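Here's the structure we're looking at; comments come further down.
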Amino acid sequence: MTIDRNARLREIRNWDDYFHLAIDAPEIGQEARPGQFVMVKVADGPFPLLRRPLSIHDAGANGVELFFKVAGLGTEILSRKKPGDPLDLIGPLGKGFTVTNGMKGKRAFCVGGGRGIAPIYFLARELGARGVQTTVFYGGRRLVDIPLRDKFEKAGIKPLCSTDDGSFGFGGLVTELVGLDLAKTKPDVLYACGPEAMMKTLAALAAKHGVPAEFSLESVMGCGIGACWGCVHRIKNESGDGWTKICEEGPIFPGERILWP
Amino acid sequence: MAMTKKSVDLTADLGFLKLRNPVLAASGTFGYGLEFEPYLDLEKLGGFVVKGLYYKPREGNPPPRLVETASGLINAIGLQGVGVEAFSEKILPELRRLKTAVIVNVCGADDDEYAAVVEYLDKQDGIAAYELNISCPNVKAEGLCPALSPRTTFDLVKRIKAASRRPLITKLSPNVTSIVEIAKAAEEAGTDAIALVNTFLAMALDLETRRPKLRNVFGGLSGPAIKPIALRMVYQVASRVRVPVIGMGGIMTGADALEFLVAGAAAVEVGTANFVDPDAAVRIVAEIESWCEAHGVAAVREIVGTIMVS
Ligand SMILES: Cc1cc2nc3c(=O)[nH]c(=O)nc-3n(C[C@H](O)[C@H](O)[C@H](O)COP(=O)(O)OP(=O)(O)OC[C@H]3O[C@@H](n4cnc5c(N)ncnc54)[C@H](O)[C@@H]3O)c2cc1C
Ligand SMILES: Cc1cc2nc3c(=O)[nH]c(=O)nc-3n(C[C@H](O)[C@H](O)[C@H](O)COP(=O)(O)O)c2cc1C
Ligand code: FES
């Protein structure tokens, strides 16, 4: 974990309300694992006050990439940054998805819904590099909500896409598409990030098919470093069910430990 | 010409406790301290106040627990925490190795629980002082907290002061009609110092859904938004009591901290700023030092209470 106050925006591009940032932040980039996140300062002054949590979309020796949807003032300010602008990031934070060298030859399903696709790209790339047979499911409401299709294809990963309105790929919810595939082939593991309803359905599906699964949880975060106790989610622990800080113990949790609201 | 930089004496004096510098990290915004070790040297702080401790572990409130407002943060964490036993067994041994003042924020659902916390902690080493959080909802008084009346403040402070072997800092709630009256009640009851302010009772709602943004409906407002009100209250209290005052509320910079010192605070606490920059408290110490250098102030203690009111 580093505070990098010398990070710099290298590249920014967008599709509608979705933005992709490539950031020079070598220390964070070298340490980052899929599923981890950064806390990004959005303003120099006191408004907006808090940093915003964003998943690490990809990482390498030079830095990190982020992918986000404008949700309010903080993400809007970030979306107006220009190449060369300084950025202030803390990261990498949290515990990532479980990815091990022993997984070679195994099968993985990776599911991203909307902006939840952000960490799935880094994850799928790392799984691929370890010889894991990876299928990416990418769902959105409409065609404009699944802008990263080309990026996945360029990385040699052909995502199975779905749109709720049927404008591209499978017409319906991404959970239905995953359900159809689960009935055909049973993967060794399933990973997902997206809206809570999507993840809750996937958790039930994975449990039904006996597939171990990991989910990336979200919450409003005050600090990202375990200090404010603001980011809690109901998680099963050895000591019972309690409000657990997702910035510290998560944001990735195994499906069987999550108590969905 | 080589100029030798005159070093500024940063020490602060609370009478019962000498601090390396006047900057403490505020309770509830600094975890149990150790969370911040990756980001700053804890021994560069005047000290820190750990998260509020009840006797038993506490659940806290259901989320959402936080909402950001204009230059502020409303929280309804509900004082989730590990309780005195786990704190003493797992955390305190780690804190003992630090050369910095560790202050424990003491909570209770009624006066008996406050006393039980202090009695338990009195048997543990490595605590510099207690900060009595008199803003805890009281289960026997319809959720009202002792901080709301001079009478309940007096009774609680008196009891805890008598029960404890350590210096006692009483931390006031700003949600009262007369902060000076409450401060005087705490002083009369024998508190060694007064800290203020805790958070301001507040709420935020979502216009489209017409729902409160916090699950708990109400929460406490902190951050830069409250600074002017906090400063006013610290000034009022510091000019009316004899015990040392620790000021806080929206401190983000060295200049903010210095304003509280000028208004009469002997030391300050930094809260919400720790969330924005985990190393904020040490930056604030450095900023205080450079300001003193630039203004020919040899010891930061000299500026305490130097406000010029004609
Ligand atoms: C670990 C983690 C990783 C994340 N990764 C990504 C990512 O890769 N890409 C992406 O687009 N988004 C991501 N998010 C969500 C992102 O943090 C929020 O969209 C962002 O903080 C909103 O800030 P804002 O100022 O733009 O909007 P605000 O004005 O603060 O809020 C707009 C709306 O978003 C809600 N909101 C605020 N903060 C959060 C939050 N932390 N999580 C969920 N909803 C929130 C508010 O309640 C409100 O309804 C992530 C969240 C977490 C916790
Ligand atoms: C998330 C959060 C948790 C807090 N928890 C406590 C607590 O346990 N005990 C306490 O006395 N004050 C608590 N406070 C209040 C702070 O210690 C401080 O009094 C207040 O936030 C004002 O300072 P600031 O504006 O610098 O944050 C908490 C504040 C925040 C934001
Ligand atoms: S965001 Fe502060 S504890 Fe998790």
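Lettering and numbering for the structure tokens are positional, with chains as A, B, ... in the shown order, residues counted from 1 in each chain, and ligands counted from 1 in the shown order.
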Closest atom pairs, residues of segment 59-162 of chain B within 12 Å of segment 181-199 of chain B, only C-alpha atoms, as CSV:
residue,atom,partner,partner_atom,distance
B:Gly72,CA,B:Thr199,CA,10.6
B:Leu73,CA,B:Thr199,CA,9.7
B:Ile74,CA,B:Thr199,CA,8.4
B:Asn75,CA,B:Thr199,CA,8.8
B:Ala76,CA,B:Thr199,CA,10.4
B:Asn105,CA,B:Ala195,CA,11.2
B:Ala129,CA,B:Asp192,CA,9.7
B:Tyr130,CA,B:Asp192,CA,10.0
B:Glu131,CA,B:Ala195,CA,8.0
B:Leu132,CA,B:Ala195,CA,9.1
B:Asn133,CA,B:Asn198,CA,8.6
B:Ile134,CA,B:Asn198,CA,9.5
B:Ser135,CA,B:Asn198,CA,7.8
B:Cys136,CA,B:Asn198,CA,10.8
B:Pro146,CA,B:Ile182,CA,10.1
B:Ala147,CA,B:Ile182,CA,7.4
B:Leu148,CA,B:Ile182,CA,7.9
B:Ser149,CA,B:Ile182,CA,6.7
B:Pro150,CA,B:Ile182,CA,4.8
B:Arg151,CA,B:Ala185,CA,7.3
B:Thr152,CA,B:Ala185,CA,9.0
B:Thr153,CA,B:Ala186,CA,6.2
B:Phe154,CA,B:Ala185,CA,5.2
B:Asp155,CA,B:Ala189,CA,7.4
B:Leu156,CA,B:Ala189,CA,8.4
B:Val157,CA,B:Ala189,CA,5.8
B:Lys158,CA,B:Ala189,CA,4.7
B:Arg159,CA,B:Ala189,CA,8.5
B:Ile160,CA,B:Thr191,CA,9.1
B:Lys161,CA,B:Gly190,CA,6.7
B:Ala162,CA,B:Gly190,CA,8.9
How would you write, as number ranges by chain, the set of residues no farther than 12 Å from ligand 3 when counting only C-alpha atoms and all ligand atoms? A: 37-39, 50-53, 93-94, 217-233, 243-251; B: 28-32, 35-36, 51, 63-67, 75, 77, 80-81, 272, 274-276, 278
Which polymer residues have any atom within 7 Å of an atom of segment 243-251 of chain B, counting only C-alpha atoms, with same-chain residues fewer than 6 positions away left out, as a PyMOL selection string? chain B and resi 14+192-197+222-227+230+234+257+260+265-270+273
Could you build a table of the residues in chain B lying no more than 12 Å from ligand 1, giving for each the nearest pair of atoms and their separation in Å rounded to one decimal place, using only C-alpha atoms and all ligand atoms, ordered by chain and ascending residue number, as a tab-separated table?
residue	atom	partner	partner_atom_place_in_ligand_line	distance
B:Pro63	CA	ligand 1	47 (O)	11.3
B:Pro64	CA	ligand 1	47 (O)	8.6
B:Arg65	CA	ligand 1	47 (O)	11.0
B:Leu66	CA	ligand 1	38 (N)	9.3
B:Val67	CA	ligand 1	47 (O)	7.6
B:Glu68	CA	ligand 1	30 (O)	7.1
B:Thr69	CA	ligand 1	30 (O)	9.1
B:Ala70	CA	ligand 1	29 (O)	10.7
B:Leu73	CA	ligand 1	30 (O)	11.3
B:Ala204	CA	ligand 1	47 (O)	11.2
B:Leu205	CA	ligand 1	47 (O)	10.6
B:Asp206	CA	ligand 1	49 (O)	8.5
B:Leu207	CA	ligand 1	49 (O)	11.2
B:Glu208	CA	ligand 1	49 (O)	10.5
B:Thr209	CA	ligand 1	49 (O)	10.6
B:Arg211	CA	ligand 1	47 (O)	11.6
B:Pro212	CA	ligand 1	47 (O)	11.1
B:Lys213	CA	ligand 1	47 (O)	7.7
B:Leu214	CA	ligand 1	47 (O)	9.8
B:Arg215	CA	ligand 1	47 (O)	11.9
For Glu11 of chain A, work out the shell of residues within 6 Å, counting only C-alpha atoms and skipping chain neighbours fewer than 3 positions away, then give it as a list of chain:residue names.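 Here the answer would be A:Leu21, A:Ala22, A:Pro83.
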Neighbouring residues of Leu24 of chain B were defined as those with any atom within 6 Å, considering only C-alpha atoms; residues of the same chain fewer than 5 positions away were excluded. Please report them as a list in words. Gly46, Gly47, Phe48 and Glu269 of chain B
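Using only C-alpha atoms and all ligand atoms, the nearest neighbour of ligand 2 within the list B:Leu17, B:Met203, B:Leu34, B:Leu79 is B:Leu79.
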Return the single residue from A:Tyr191, A:Phe122, A:Phe253, A:Phe68 that is closest to Phe19 of chain A, with distances computed using only C-alpha atoms.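 Among the listed residues, the smallest separation from Phe19 of chain A belongs to A:Phe68.
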Which residues come within 10 Å of segment 137-146 of chain A, counting only C-alpha atoms, excluding same-chain residues fewer than 5 positions away, as a PyMOL selection string? chain A and resi 15-18+69+109-117+120+158-175+177-178+192+194+198
Gap from atom CA of Ala129 of chain A to atom CA of Gly63 of chain A - Å, one decimal: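 Between atom CA of Ala129 of chain A and atom CA of Gly63 of chain A the gap works out to 18.8 Å.
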Using only C-alpha atoms and all ligand atoms, pick whichever of A:Ala43, A:Ala71, A:Leu87, A:Leu49 has the shortest atom-to-atom distance to ligand 2. A:Leu49
Give me every strand (DSSP E or B) residue in segment 75-175 of chain A, going by DSSP on the backbone, as a PDB file with all heavy atoms, in the first residue's frame.
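Result file selection.pdb:
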ATOM      1  N   PRO A  86      -1.796  15.613 -12.910  1.00  0.00           N
ATOM      2  CA  PRO A  86      -1.366  14.821 -11.751  1.00  0.00           C
ATOM      3  C   PRO A  86      -2.564  14.147 -11.079  1.00  0.00           C
ATOM      4  O   PRO A  86      -3.677  14.673 -11.105  1.00  0.00           O
ATOM      5  CB  PRO A  86      -0.759  15.871 -10.819  1.00  0.00           C
ATOM      6  CG  PRO A  86      -1.397  17.160 -11.201  1.00  0.00           C
ATOM      7  CD  PRO A  86      -1.748  17.054 -12.656  1.00  0.00           C
ATOM      8  N   LEU A  87      -2.309  12.989 -10.486  1.00  0.00           N
ATOM      9  CA  LEU A  87      -3.348  12.274  -9.744  1.00  0.00           C
ATOM     10  C   LEU A  87      -2.762  11.802  -8.428  1.00  0.00           C
ATOM     11  O   LEU A  87      -1.541  11.663  -8.298  1.00  0.00           O
ATOM     12  CB  LEU A  87      -3.856  11.075 -10.549  1.00  0.00           C
ATOM     13  CG  LEU A  87      -4.761  11.379 -11.748  1.00  0.00           C
ATOM     14  CD1 LEU A  87      -4.909  10.147 -12.611  1.00  0.00           C
ATOM     15  CD2 LEU A  87      -6.129  11.869 -11.280  1.00  0.00           C
ATOM     16  N   ASP A  88      -3.617  11.570  -7.461  1.00  0.00           N
ATOM     17  CA  ASP A  88      -3.193  11.166  -6.123  1.00  0.00           C
ATOM     18  C   ASP A  88      -3.963   9.894  -5.765  1.00  0.00           C
ATOM     19  O   ASP A  88      -5.178   9.930  -5.593  1.00  0.00           O
ATOM     20  CB  ASP A  88      -3.507  12.337  -5.174  1.00  0.00           C
ATOM     21  CG  ASP A  88      -3.141  12.066  -3.724  1.00  0.00           C
ATOM     22  OD1 ASP A  88      -2.956  10.888  -3.368  1.00  0.00           O
ATOM     23  OD2 ASP A  88      -3.072  13.038  -2.944  1.00  0.00           O
ATOM     24  N   LEU A  89      -3.246   8.773  -5.719  1.00  0.00           N
ATOM     25  CA  LEU A  89      -3.892   7.477  -5.489  1.00  0.00           C
ATOM     26  C   LEU A  89      -3.309   6.783  -4.269  1.00  0.00           C
ATOM     27  O   LEU A  89      -2.116   6.873  -4.010  1.00  0.00           O
ATOM     28  CB  LEU A  89      -3.645   6.507  -6.656  1.00  0.00           C
ATOM     29  CG  LEU A  89      -3.783   6.924  -8.104  1.00  0.00           C
ATOM     30  CD1 LEU A  89      -3.449   5.715  -8.986  1.00  0.00           C
ATOM     31  CD2 LEU A  89      -5.186   7.382  -8.382  1.00  0.00           C
ATOM     32  N   ILE A  90      -4.157   6.040  -3.563  1.00  0.00           N
ATOM     33  CA  ILE A  90      -3.670   5.121  -2.532  1.00  0.00           C
ATOM     34  C   ILE A  90      -3.979   3.702  -3.003  1.00  0.00           C
ATOM     35  O   ILE A  90      -5.106   3.420  -3.413  1.00  0.00           O
ATOM     36  CB  ILE A  90      -4.354   5.362  -1.178  1.00  0.00           C
ATOM     37  CG1 ILE A  90      -4.179   6.814  -0.728  1.00  0.00           C
ATOM     38  CG2 ILE A  90      -3.799   4.407  -0.119  1.00  0.00           C
ATOM     39  CD1 ILE A  90      -4.881   7.133   0.582  1.00  0.00           C
ATOM     40  N   GLY A  91      -2.986   2.829  -2.953  1.00  0.00           N
ATOM     41  CA  GLY A  91      -3.263   1.469  -3.373  1.00  0.00           C
ATOM     42  C   GLY A  91      -1.994   0.642  -3.435  1.00  0.00           C
ATOM     43  O   GLY A  91      -0.925   1.141  -3.115  1.00  0.00           O
ATOM     44  N   PRO A  92      -2.061  -0.608  -3.867  1.00  0.00           N
ATOM     45  CA  PRO A  92      -3.324  -1.330  -4.066  1.00  0.00           C
ATOM     46  C   PRO A  92      -3.924  -1.720  -2.716  1.00  0.00           C
ATOM     47  O   PRO A  92      -3.194  -2.096  -1.803  1.00  0.00           O
ATOM     48  CB  PRO A  92      -2.892  -2.569  -4.853  1.00  0.00           C
ATOM     49  CG  PRO A  92      -1.449  -2.765  -4.505  1.00  0.00           C
ATOM     50  CD  PRO A  92      -0.885  -1.424  -4.173  1.00  0.00           C
ATOM     51  N   LEU A  93      -5.248  -1.644  -2.617  1.00  0.00           N
ATOM     52  CA  LEU A  93      -5.925  -1.902  -1.349  1.00  0.00           C
ATOM     53  C   LEU A  93      -6.795  -3.147  -1.429  1.00  0.00           C
ATOM     54  O   LEU A  93      -7.242  -3.546  -2.508  1.00  0.00           O
ATOM     55  CB  LEU A  93      -6.789  -0.691  -0.977  1.00  0.00           C
ATOM     56  CG  LEU A  93      -6.011   0.601  -0.704  1.00  0.00           C
ATOM     57  CD1 LEU A  93      -6.946   1.805  -0.663  1.00  0.00           C
ATOM     58  CD2 LEU A  93      -5.222   0.492   0.597  1.00  0.00           C
ATOM     59  N   LYS A  95      -8.055  -7.240  -0.485  1.00  0.00           N
ATOM     60  CA  LYS A  95      -7.546  -8.541  -0.893  1.00  0.00           C
ATOM     61  C   LYS A  95      -8.196  -8.884  -2.219  1.00  0.00           C
ATOM     62  O   LYS A  95      -9.385  -8.664  -2.408  1.00  0.00           O
ATOM     63  CB  LYS A  95      -7.892  -9.589   0.165  1.00  0.00           C
ATOM     64  CG  LYS A  95      -7.270  -9.251   1.517  1.00  0.00           C
ATOM     65  CD  LYS A  95      -7.326 -10.421   2.473  1.00  0.00           C
ATOM     66  CE  LYS A  95      -6.520 -10.156   3.728  1.00  0.00           C
ATOM     67  NZ  LYS A  95      -7.149  -9.212   4.660  1.00  0.00           N
ATOM     68  N   ARG A 107     -10.993 -24.645 -15.368  1.00  0.00           N
ATOM     69  CA  ARG A 107     -11.951 -23.796 -16.096  1.00  0.00           C
ATOM     70  C   ARG A 107     -12.524 -22.726 -15.175  1.00  0.00           C
ATOM     71  O   ARG A 107     -12.952 -23.048 -14.064  1.00  0.00           O
ATOM     72  CB  ARG A 107     -13.121 -24.629 -16.608  1.00  0.00           C
ATOM     73  CG  ARG A 107     -12.830 -25.487 -17.818  1.00  0.00           C
ATOM     74  CD  ARG A 107     -14.130 -26.097 -18.310  1.00  0.00           C
ATOM     75  NE  ARG A 107     -15.045 -25.060 -18.767  1.00  0.00           N
ATOM     76  CZ  ARG A 107     -15.096 -24.640 -20.034  1.00  0.00           C
ATOM     77  NH1 ARG A 107     -14.319 -25.183 -20.954  1.00  0.00           N
ATOM     78  NH2 ARG A 107     -15.936 -23.693 -20.389  1.00  0.00           N
ATOM     79  N   ALA A 108     -12.544 -21.486 -15.651  1.00  0.00           N
ATOM     80  CA  ALA A 108     -13.098 -20.398 -14.834  1.00  0.00           C
ATOM     81  C   ALA A 108     -14.157 -19.630 -15.615  1.00  0.00           C
ATOM     82  O   ALA A 108     -14.002 -19.391 -16.814  1.00  0.00           O
ATOM     83  CB  ALA A 108     -11.987 -19.450 -14.404  1.00  0.00           C
ATOM     84  N   PHE A 109     -15.233 -19.255 -14.934  1.00  0.00           N
ATOM     85  CA  PHE A 109     -16.229 -18.323 -15.476  1.00  0.00           C
ATOM     86  C   PHE A 109     -16.004 -16.978 -14.787  1.00  0.00           C
ATOM     87  O   PHE A 109     -15.951 -16.925 -13.541  1.00  0.00           O
ATOM     88  CB  PHE A 109     -17.662 -18.790 -15.161  1.00  0.00           C
ATOM     89  CG  PHE A 109     -18.202 -19.841 -16.095  1.00  0.00           C
ATOM     90  CD1 PHE A 109     -17.378 -20.503 -17.002  1.00  0.00           C
ATOM     91  CD2 PHE A 109     -19.568 -20.160 -16.073  1.00  0.00           C
ATOM     92  CE1 PHE A 109     -17.890 -21.477 -17.857  1.00  0.00           C
ATOM     93  CE2 PHE A 109     -20.082 -21.129 -16.927  1.00  0.00           C
ATOM     94  CZ  PHE A 109     -19.247 -21.789 -17.819  1.00  0.00           C
ATOM     95  N   CYS A 110     -15.869 -15.912 -15.581  1.00  0.00           N
ATOM     96  CA  CYS A 110     -15.729 -14.563 -15.024  1.00  0.00           C
ATOM     97  C   CYS A 110     -16.898 -13.731 -15.513  1.00  0.00           C
ATOM     98  O   CYS A 110     -17.096 -13.615 -16.719  1.00  0.00           O
ATOM     99  CB  CYS A 110     -14.443 -13.903 -15.492  1.00  0.00           C
ATOM    100  SG  CYS A 110     -12.970 -14.831 -15.067  1.00  0.00           S
ATOM    101  N   VAL A 111     -17.661 -13.151 -14.591  1.00  0.00           N
ATOM    102  CA  VAL A 111     -18.863 -12.432 -14.982  1.00  0.00           C
ATOM    103  C   VAL A 111     -18.773 -10.969 -14.567  1.00  0.00           C
ATOM    104  O   VAL A 111     -18.531 -10.665 -13.387  1.00  0.00           O
ATOM    105  CB  VAL A 111     -20.119 -13.062 -14.335  1.00  0.00           C
ATOM    106  CG1 VAL A 111     -21.389 -12.459 -14.930  1.00  0.00           C
ATOM    107  CG2 VAL A 111     -20.102 -14.575 -14.466  1.00  0.00           C
ATOM    108  N   GLY A 112     -18.977 -10.061 -15.527  1.00  0.00           N
ATOM    109  CA  GLY A 112     -18.988  -8.636 -15.220  1.00  0.00           C
ATOM    110  C   GLY A 112     -20.288  -8.019 -15.671  1.00  0.00           C
ATOM    111  O   GLY A 112     -20.719  -8.229 -16.811  1.00  0.00           O
ATOM    112  N   GLY A 113     -20.930  -7.272 -14.803  1.00  0.00           N
ATOM    113  CA  GLY A 113     -22.171  -6.584 -15.158  1.00  0.00           C
ATOM    114  C   GLY A 113     -21.947  -5.088 -15.142  1.00  0.00           C
ATOM    115  O   GLY A 113     -21.530  -4.540 -14.135  1.00  0.00           O
ATOM    116  N   GLN A 133      -8.503 -22.000 -18.434  1.00  0.00           N
ATOM    117  CA  GLN A 133      -9.475 -21.814 -19.525  1.00  0.00           C
ATOM    118  C   GLN A 133     -10.558 -20.881 -19.030  1.00  0.00           C
ATOM    119  O   GLN A 133     -11.379 -21.267 -18.202  1.00  0.00           O
ATOM    120  CB  GLN A 133     -10.143 -23.134 -19.873  1.00  0.00           C
ATOM    121  CG  GLN A 133      -9.280 -24.115 -20.627  1.00  0.00           C
ATOM    122  CD  GLN A 133     -10.141 -25.327 -20.951  1.00  0.00           C
ATOM    123  OE1 GLN A 133     -11.193 -25.213 -21.586  1.00  0.00           O
ATOM    124  NE2 GLN A 133      -9.701 -26.477 -20.487  1.00  0.00           N
ATOM    125  N   THR A 134     -10.565 -19.673 -19.555  1.00  0.00           N
ATOM    126  CA  THR A 134     -11.417 -18.636 -18.985  1.00  0.00           C
ATOM    127  C   THR A 134     -12.536 -18.218 -19.922  1.00  0.00           C
ATOM    128  O   THR A 134     -12.281 -17.903 -21.083  1.00  0.00           O
ATOM    129  CB  THR A 134     -10.549 -17.405 -18.646  1.00  0.00           C
ATOM    130  OG1 THR A 134      -9.452 -17.838 -17.833  1.00  0.00           O
ATOM    131  CG2 THR A 134     -11.341 -16.355 -17.903  1.00  0.00           C
ATOM    132  N   THR A 135     -13.750 -18.213 -19.435  1.00  0.00           N
ATOM    133  CA  THR A 135     -14.872 -17.670 -20.209  1.00  0.00           C
ATOM    134  C   THR A 135     -15.345 -16.393 -19.518  1.00  0.00           C
ATOM    135  O   THR A 135     -15.629 -16.410 -18.315  1.00  0.00           O
ATOM    136  CB  THR A 135     -16.052 -18.668 -20.252  1.00  0.00           C
ATOM    137  OG1 THR A 135     -15.545 -19.945 -20.639  1.00  0.00           O
ATOM    138  CG2 THR A 135     -17.110 -18.214 -21.241  1.00  0.00           C
ATOM    139  N   VAL A 136     -15.387 -15.294 -20.298  1.00  0.00           N
ATOM    140  CA  VAL A 136     -15.865 -14.028 -19.750  1.00  0.00           C
ATOM    141  C   VAL A 136     -17.298 -13.778 -20.200  1.00  0.00           C
ATOM    142  O   VAL A 136     -17.607 -13.882 -21.387  1.00  0.00           O
ATOM    143  CB  VAL A 136     -14.963 -12.854 -20.198  1.00  0.00           C
ATOM    144  CG1 VAL A 136     -15.577 -11.504 -19.803  1.00  0.00           C
ATOM    145  CG2 VAL A 136     -13.571 -12.987 -19.597  1.00  0.00           C
ATOM    146  N   PHE A 137     -18.163 -13.479 -19.250  1.00  0.00           N
ATOM    147  CA  PHE A 137     -19.542 -13.083 -19.543  1.00  0.00           C
ATOM    148  C   PHE A 137     -19.641 -11.595 -19.257  1.00  0.00           C
ATOM    149  O   PHE A 137     -19.224 -11.141 -18.189  1.00  0.00           O
ATOM    150  CB  PHE A 137     -20.521 -13.841 -18.643  1.00  0.00           C
ATOM    151  CG  PHE A 137     -20.509 -15.330 -18.854  1.00  0.00           C
ATOM    152  CD1 PHE A 137     -19.576 -16.125 -18.195  1.00  0.00           C
ATOM    153  CD2 PHE A 137     -21.427 -15.930 -19.705  1.00  0.00           C
ATOM    154  CE1 PHE A 137     -19.563 -17.494 -18.384  1.00  0.00           C
ATOM    155  CE2 PHE A 137     -21.409 -17.307 -19.896  1.00  0.00           C
ATOM    156  CZ  PHE A 137     -20.480 -18.093 -19.242  1.00  0.00           C
ATOM    157  N   TYR A 138     -20.184 -10.856 -20.219  1.00  0.00           N
ATOM    158  CA  TYR A 138     -20.201  -9.399 -20.089  1.00  0.00           C
ATOM    159  C   TYR A 138     -21.618  -8.910 -20.369  1.00  0.00           C
ATOM    160  O   TYR A 138     -22.091  -9.011 -21.500  1.00  0.00           O
ATOM    161  CB  TYR A 138     -19.190  -8.822 -21.091  1.00  0.00           C
ATOM    162  CG  TYR A 138     -18.935  -7.330 -21.028  1.00  0.00           C
ATOM    163  CD1 TYR A 138     -19.461  -6.516 -20.033  1.00  0.00           C
ATOM    164  CD2 TYR A 138     -18.130  -6.723 -21.988  1.00  0.00           C
ATOM    165  CE1 TYR A 138     -19.196  -5.163 -20.001  1.00  0.00           C
ATOM    166  CE2 TYR A 138     -17.844  -5.364 -21.965  1.00  0.00           C
ATOM    167  CZ  TYR A 138     -18.392  -4.588 -20.969  1.00  0.00           C
ATOM    168  OH  TYR A 138     -18.123  -3.239 -20.939  1.00  0.00           O
ATOM    169  N   GLY A 139     -22.285  -8.431 -19.347  1.00  0.00           N
ATOM    170  CA  GLY A 139     -23.672  -8.006 -19.508  1.00  0.00           C
ATOM    171  C   GLY A 139     -23.876  -6.536 -19.248  1.00  0.00           C
ATOM    172  O   GLY A 139     -23.163  -5.920 -18.458  1.00  0.00           O
ATOM    173  N   GLY A 140     -24.869  -5.962 -19.941  1.00  0.00           N
ATOM    174  CA  GLY A 140     -25.235  -4.571 -19.709  1.00  0.00           C
ATOM    175  C   GLY A 140     -26.691  -4.384 -20.067  1.00  0.00           C
ATOM    176  O   GLY A 140     -27.323  -5.288 -20.611  1.00  0.00           O
ATOM    177  N   LEU A 160     -18.654 -13.461 -23.898  1.00  0.00           N
ATOM    178  CA  LEU A 160     -20.032 -13.787 -24.241  1.00  0.00           C
ATOM    179  C   LEU A 160     -20.875 -12.635 -23.707  1.00  0.00           C
ATOM    180  O   LEU A 160     -20.918 -12.401 -22.498  1.00  0.00           O
ATOM    181  CB  LEU A 160     -20.449 -15.106 -23.593  1.00  0.00           C
ATOM    182  CG  LEU A 160     -19.606 -16.323 -23.999  1.00  0.00           C
ATOM    183  CD1 LEU A 160     -20.075 -17.571 -23.247  1.00  0.00           C
ATOM    184  CD2 LEU A 160     -19.693 -16.556 -25.508  1.00  0.00           C
ATOM    185  N   CYS A 161     -21.491 -11.883 -24.632  1.00  0.00           N
ATOM    186  CA  CYS A 161     -22.179 -10.658 -24.225  1.00  0.00           C
ATOM    187  C   CYS A 161     -23.681 -10.845 -24.103  1.00  0.00           C
ATOM    188  O   CYS A 161     -24.280 -11.664 -24.795  1.00  0.00           O
ATOM    189  CB  CYS A 161     -21.905  -9.543 -25.229  1.00  0.00           C
ATOM    190  SG  CYS A 161     -20.164  -9.089 -25.276  1.00  0.00           S
ATOM    191  N   SER A 162     -24.264 -10.031 -23.238  1.00  0.00           N
ATOM    192  CA  SER A 162     -25.721 -10.003 -23.139  1.00  0.00           C
ATOM    193  C   SER A 162     -26.170  -8.564 -22.931  1.00  0.00           C
ATOM    194  O   SER A 162     -25.436  -7.755 -22.356  1.00  0.00           O
ATOM    195  CB  SER A 162     -26.197 -10.851 -21.956  1.00  0.00           C
ATOM    196  OG  SER A 162     -25.877 -10.212 -20.741  1.00  0.00           O
ATOM    197  N   THR A 163     -27.346  -8.253 -23.475  1.00  0.00           N
ATOM    198  CA  THR A 163     -27.952  -6.945 -23.170  1.00  0.00           C
ATOM    199  C   THR A 163     -29.393  -7.197 -22.737  1.00  0.00           C
ATOM    200  O   THR A 163     -30.073  -8.060 -23.296  1.00  0.00           O
ATOM    201  CB  THR A 163     -27.944  -6.004 -24.399  1.00  0.00           C
ATOM    202  OG1 THR A 163     -28.447  -6.711 -25.537  1.00  0.00           O
ATOM    203  CG2 THR A 163     -26.546  -5.496 -24.707  1.00  0.00           C
ATOM    204  N   PHE A 170     -26.715 -11.993 -26.432  1.00  0.00           N
ATOM    205  CA  PHE A 170     -27.853 -12.666 -25.807  1.00  0.00           C
ATOM    206  C   PHE A 170     -28.837 -11.623 -25.287  1.00  0.00           C
ATOM    207  O   PHE A 170     -28.426 -10.669 -24.630  1.00  0.00           O
ATOM    208  CB  PHE A 170     -27.332 -13.553 -24.668  1.00  0.00           C
ATOM    209  CG  PHE A 170     -28.398 -14.202 -23.834  1.00  0.00           C
ATOM    210  CD1 PHE A 170     -29.002 -15.388 -24.250  1.00  0.00           C
ATOM    211  CD2 PHE A 170     -28.799 -13.633 -22.627  1.00  0.00           C
ATOM    212  CE1 PHE A 170     -29.978 -15.996 -23.471  1.00  0.00           C
ATOM    213  CE2 PHE A 170     -29.781 -14.242 -21.838  1.00  0.00           C
ATOM    214  CZ  PHE A 170     -30.369 -15.416 -22.272  1.00  0.00           C
ATOM    215  N   GLY A 171     -30.127 -11.781 -25.603  1.00  0.00           N
ATOM    216  CA  GLY A 171     -31.123 -10.828 -25.111  1.00  0.00           C
ATOM    217  C   GLY A 171     -31.650 -11.281 -23.766  1.00  0.00           C
ATOM    218  O   GLY A 171     -32.334 -12.305 -23.676  1.00  0.00           O
TER     219      GLY A 171
END
I'd like the contact shell of Tyr55 of chain B - 6 Å cut-off, only C-alpha atoms, skipping same-chain residues fewer than 5 positions apart - returned as JSON, numbers by chain. {"B": [83, 84, 117]}
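Nearest to ligand 2 of all the residues B:Asp256, B:Asp279, B:Glu43, B:Asp13 is B:Asp256, based on only C-alpha atoms and all ligand atoms.
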